[in-house]
file run_25.cif (mmCIF, C-alpha atoms)
data_upload
loop_
_atom_site.label_atom_id
_atom_site.label_comp_id
_atom_site.auth_asym_id
_atom_site.auth_seq_id
_atom_site.Cartn_x
_atom_site.Cartn_y
_atom_site.Cartn_z
CA GLY R 1 73.15 124.33 106.33
CA ALA R 2 75.61 126.19 108.50
CA GLU R 3 73.70 125.28 111.67
CA ALA R 4 73.97 121.54 110.94
CA SER R 5 77.54 121.42 109.62
CA TYR R 6 79.39 118.32 110.73
CA GLY R 7 82.74 120.09 110.34
CA ILE R 8 81.64 122.97 112.55
CA GLU R 9 80.39 120.56 115.20
CA VAL R 10 83.73 118.71 115.16
CA ALA R 11 85.53 122.05 115.50
CA LYS R 12 83.40 122.85 118.56
CA LEU R 13 84.27 119.49 120.11
CA ALA R 14 87.95 120.13 119.37
CA GLY R 15 87.79 123.37 121.35
CA VAL R 16 88.11 125.83 118.48
CA PRO R 17 87.37 129.35 119.85
CA ASP R 18 83.76 130.57 119.57
CA ARG R 19 84.73 133.56 117.41
CA VAL R 20 86.26 131.18 114.82
CA ILE R 21 83.16 128.96 114.93
CA SER R 22 80.92 132.02 114.44
CA ARG R 23 83.00 133.21 111.47
CA ALA R 24 82.91 129.72 109.91
CA LYS R 25 79.12 129.71 110.19
CA VAL R 26 78.92 133.12 108.49
CA ILE R 27 81.21 132.01 105.64
CA LEU R 28 79.31 128.74 105.15
CA ALA R 29 75.94 130.53 105.18
CA GLU R 30 77.29 133.04 102.65
CA LEU R 31 78.53 130.29 100.35
CA GLU R 32 75.20 128.48 100.63
CA SER R 33 73.26 131.68 99.85
CA GLN R 34 75.28 131.93 96.61
CA GLY R 35 74.24 128.41 95.64
CA PHE R 36 77.40 126.59 96.75
CA ARG R 37 76.71 123.00 97.81
CA PRO R 38 79.80 121.05 99.03
CA GLU R 39 78.28 117.72 98.04
CA ARG R 40 77.86 119.00 94.47
CA ASP R 41 80.58 121.61 94.03
CA GLY R 42 83.39 119.98 96.01
CA PRO R 43 86.34 121.63 97.72
CA GLU R 44 87.40 123.96 94.91
CA VAL R 45 87.75 127.14 96.99
CA PRO R 46 91.06 128.61 95.79
CA ALA R 47 93.70 130.11 98.07
CA GLN R 48 95.80 132.89 96.51
CA THR R 49 99.56 132.45 96.70
CA GLY R 50 101.41 134.97 94.54
CA GLN R 51 100.40 134.28 90.95
CA ALA R 52 99.37 130.65 91.48
CA GLN R 53 96.04 129.39 92.76
CA PHE R 54 95.88 126.22 94.79
CA SER R 55 92.64 124.36 95.47
CA LEU R 56 91.96 122.62 98.77
CA GLU R 57 92.56 119.37 96.88
CA ASP R 58 96.06 120.59 95.93
CA MET R 59 96.75 121.57 99.52
CA GLY R 60 95.61 118.12 100.69
CA ALA R 61 97.98 116.50 98.20
CA LEU R 62 100.82 118.69 99.47
CA ALA R 63 100.04 117.76 103.08
CA LEU R 64 100.09 114.08 102.12
CA ALA R 65 103.45 114.47 100.35
CA VAL R 66 104.94 116.25 103.37
CA GLY R 67 103.59 113.50 105.66
CA ILE R 68 105.19 110.81 103.51
CA ALA R 69 108.49 112.72 103.49
CA ILE R 70 108.44 113.07 107.28
CA GLN R 71 107.72 109.35 107.63
CA ASN R 72 110.90 108.65 105.64
CA PHE R 73 113.13 110.04 108.43
CA PRO R 74 112.51 107.18 110.90
CA GLU R 75 112.61 104.71 108.01
CA GLY R 76 116.11 105.90 107.09
CA ALA R 77 117.13 105.80 110.75
CA ILE R 78 115.96 102.20 111.03
CA ILE R 79 118.39 101.34 108.23
CA SER R 80 121.28 103.59 109.27
CA MET R 81 121.45 103.08 113.04
CA PRO R 82 121.98 99.31 113.08
CA LEU R 83 124.60 99.66 110.33
CA ARG R 84 126.41 102.25 112.39
CA ASN R 85 126.25 99.99 115.46
CA VAL R 86 128.03 97.17 113.62
CA GLY R 87 130.88 99.44 112.51
CA VAL R 88 129.80 100.78 109.13
CA SER R 89 131.15 104.30 108.65
CA ARG R 90 128.87 107.24 109.41
CA ALA R 91 128.83 108.35 105.76
CA LYS R 92 128.01 104.88 104.39
CA ALA R 93 125.28 104.31 106.99
CA PHE R 94 123.77 107.70 106.12
CA TRP R 95 123.77 107.02 102.37
CA TYR R 96 122.28 103.54 102.81
CA GLY R 97 119.48 105.18 104.80
CA VAL R 98 118.95 107.79 102.09
CA LEU R 99 118.97 105.16 99.34
CA SER R 100 116.39 103.07 101.20
CA GLY R 101 113.89 105.84 100.46
CA ALA R 102 114.93 106.25 96.82
CA VAL R 103 112.56 103.51 95.72
CA GLU R 104 109.50 105.66 96.57
CA PRO R 105 109.91 108.33 93.85
CA VAL R 106 110.72 105.57 91.33
CA GLY R 107 107.56 103.71 92.36
CA ALA R 108 105.55 106.93 92.15
CA ALA R 109 106.84 107.63 88.63
CA VAL R 110 105.99 104.11 87.48
CA THR R 111 102.53 104.44 89.05
CA ILE R 112 101.91 107.75 87.27
CA LEU R 113 103.01 106.28 83.93
CA LEU R 114 100.79 103.22 84.39
CA ALA R 115 97.87 105.00 86.07
CA ASN R 116 95.31 104.26 83.36
CA GLN R 117 96.24 100.58 83.22
CA VAL R 118 96.36 100.20 87.00
CA VAL R 119 93.00 101.81 87.86
CA PRO R 120 90.87 98.69 87.14
CA VAL R 121 93.00 96.50 89.43
CA LEU R 122 93.82 99.17 92.03
CA PRO R 123 91.32 97.87 94.62
CA TYR R 124 92.94 94.43 94.41
CA LEU R 125 96.47 95.84 94.66
CA LEU R 126 95.55 97.98 97.67
CA SER R 127 93.81 95.02 99.30
CA PHE R 128 96.92 92.91 98.79
CA ALA R 129 99.11 95.64 100.31
CA ALA R 130 96.77 96.00 103.29
CA GLY R 131 96.72 92.24 103.79
CA ALA R 132 100.52 92.11 103.69
CA MET R 133 100.74 94.86 106.32
CA ILE R 134 98.20 93.12 108.54
CA TYR R 135 100.17 89.88 108.20
CA VAL R 136 103.45 91.58 109.19
CA VAL R 137 101.79 93.18 112.22
CA ALA R 138 100.12 89.93 113.28
CA ASP R 139 103.16 87.74 112.69
CA GLU R 140 106.05 89.99 113.71
CA LEU R 141 104.92 92.97 115.76
CA ILE R 142 102.14 91.85 118.08
CA PRO R 143 103.99 90.92 121.25
CA GLY R 144 103.67 87.27 122.09
CA ALA R 145 102.05 86.22 118.79
CA GLY R 146 103.56 82.75 118.77
CA ALA R 147 106.79 83.96 120.41
CA GLU R 148 107.35 80.87 122.58
CA ASN R 149 106.93 78.09 120.05
CA ARG R 150 106.68 80.17 116.86
CA SER R 151 103.24 78.73 116.15
CA LYS R 152 101.02 80.61 113.74
CA ALA R 153 98.01 80.56 116.10
CA GLY R 154 98.14 84.34 116.71
CA THR R 155 98.46 85.11 113.01
CA ILE R 156 95.67 82.71 112.08
CA GLY R 157 93.47 84.18 114.83
CA VAL R 158 93.95 87.72 113.49
CA ALA R 159 93.24 86.53 109.93
CA LEU R 160 90.05 84.69 110.98
CA GLY R 161 88.89 87.68 113.03
CA PHE R 162 89.49 89.97 110.05
CA VAL R 163 87.56 87.66 107.70
CA LEU R 164 84.69 87.47 110.20
CA MET R 165 84.53 91.28 110.47
CA MET R 166 84.53 91.62 106.66
CA ILE R 167 81.67 89.11 106.41
CA LEU R 168 79.70 90.96 109.07
CA ASP R 169 80.44 94.30 107.40
CA VAL R 170 79.16 93.09 104.01
CA ALA R 171 76.15 91.32 105.55
CA VAL R 172 74.87 94.44 107.33
#

call {"tool": "encode", "arguments": {"input": "run_25.cif", "output": "structure tokens"}}
result
Amino acid sequence: GAEASYGIEVAKLAGVPDRVISRAKVILAELESQGFRPERDGPEVPAQTGQAQFSLEDMGALALAVGIAIQNFPEGAIISMPLRNVGVSRAKAFWYGVLSGAVEPVGAAVTILLANQVVPVLPYLLSFAAGAMIYVVADELIPGAGAENRSKAGTIGVALGFVLMMILDVAV
């Protein structure tokens, strides 16, 4: 119930004002008295915006899209700035940075078109992507991971540690 809400407890820890916490408890208790159960009914509380209604799920998707868009700014800068430093014109460097992000909407469109076919293998594709990211971090970004003699000992150590943690996670 409202007295045992994990979200309300996290809000308290985060320092949300007591009057907001009290109001959240009242709203949650009211929803529960009307038979609403989050574990069954999900986050389908609509927020009115003009004529359209947006669910919390829609708002979460919008927040994710905005986050991805914001993340594209430093990505474009990583492409544009070195080009500018080696003498590429400002306009060309800018457009190369912009074009570096153009692959994302194309990939999203392909993913949407192939969604039904991709769903069965999605866990494997995501695992592969995660493994590739872990490899890049272990091999290229962790300072000193084989920097002196370019050995793969650091990378292999991270991979073995990851495998060990996965085995322990499944075993427990």

call {"tool": "closest_residue", "arguments": {"input": "run_25.cif", "among": "R:Pro123, R:Gly157, R:Gly97, R:Pro105", "to": "Ile68 of chain R", "atoms": "all atoms listed in the file"}}
result
R:Pro105

call {"tool": "closest_residue", "arguments": {"input": "run_25.cif", "among": "R:Leu126, R:Tyr135, R:Leu31, R:Val103", "to": "Leu160 of chain R", "atoms": "all atoms listed in the file"}}
result
R:Tyr135

call {"tool": "residues_around", "arguments": {"input": "run_25.cif", "residues": "Leu99 of chain R", "least_positions_apart": "5", "cutoff": "12 Å", "atoms": "only C-alpha atoms", "output": "PDB file with C-alpha atoms, in the coordinates of the input"}}
result
ATOM      1  CA  ASN R  72     110.900 108.650 105.640  1.00  0.00           C
ATOM      2  CA  PHE R  73     113.130 110.040 108.430  1.00  0.00           C
ATOM      3  CA  GLU R  75     112.610 104.710 108.010  1.00  0.00           C
ATOM      4  CA  GLY R  76     116.110 105.900 107.090  1.00  0.00           C
ATOM      5  CA  ALA R  77     117.130 105.800 110.750  1.00  0.00           C
ATOM      6  CA  ILE R  79     118.390 101.340 108.230  1.00  0.00           C
ATOM      7  CA  SER R  80     121.280 103.590 109.270  1.00  0.00           C
ATOM      8  CA  LYS R  92     128.010 104.880 104.390  1.00  0.00           C
ATOM      9  CA  ALA R  93     125.280 104.310 106.990  1.00  0.00           C
ATOM     10  CA  PHE R  94     123.770 107.700 106.120  1.00  0.00           C
ATOM     11  CA  GLU R 104     109.500 105.660  96.570  1.00  0.00           C
ATOM     12  CA  PRO R 105     109.910 108.330  93.850  1.00  0.00           C
ATOM     13  CA  VAL R 106     110.720 105.570  91.330  1.00  0.00           C
TER      14      VAL R 106
END

call {"tool": "atom_distance", "arguments": {"input": "run_25.cif", "atom1": "atom CA of Ala109 of chain R", "atom2": "atom CA of Ala61 of chain R"}}
result
15.8 Å

call {"tool": "residues_around", "arguments": {"input": "run_25.cif", "residues": "Asp18 of chain R", "least_positions_apart": "6", "cutoff": "12 Å", "atoms": "all atoms listed in the file", "output": "MDAnalysis selection string"}}
result
chainID R and resid 8:9 11:12 24:25

call {"tool": "atom_distance", "arguments": {"input": "run_25.cif", "atom1": "atom CA of Asp139 of chain R", "atom2": "atom CA of Ala159 of chain R"}}
result
10.4 Å

call {"tool": "atom_distance", "arguments": {"input": "run_25.cif", "atom1": "atom CA of Leu125 of chain R", "atom2": "atom CA of Met166 of chain R"}}
result
17.4 Å
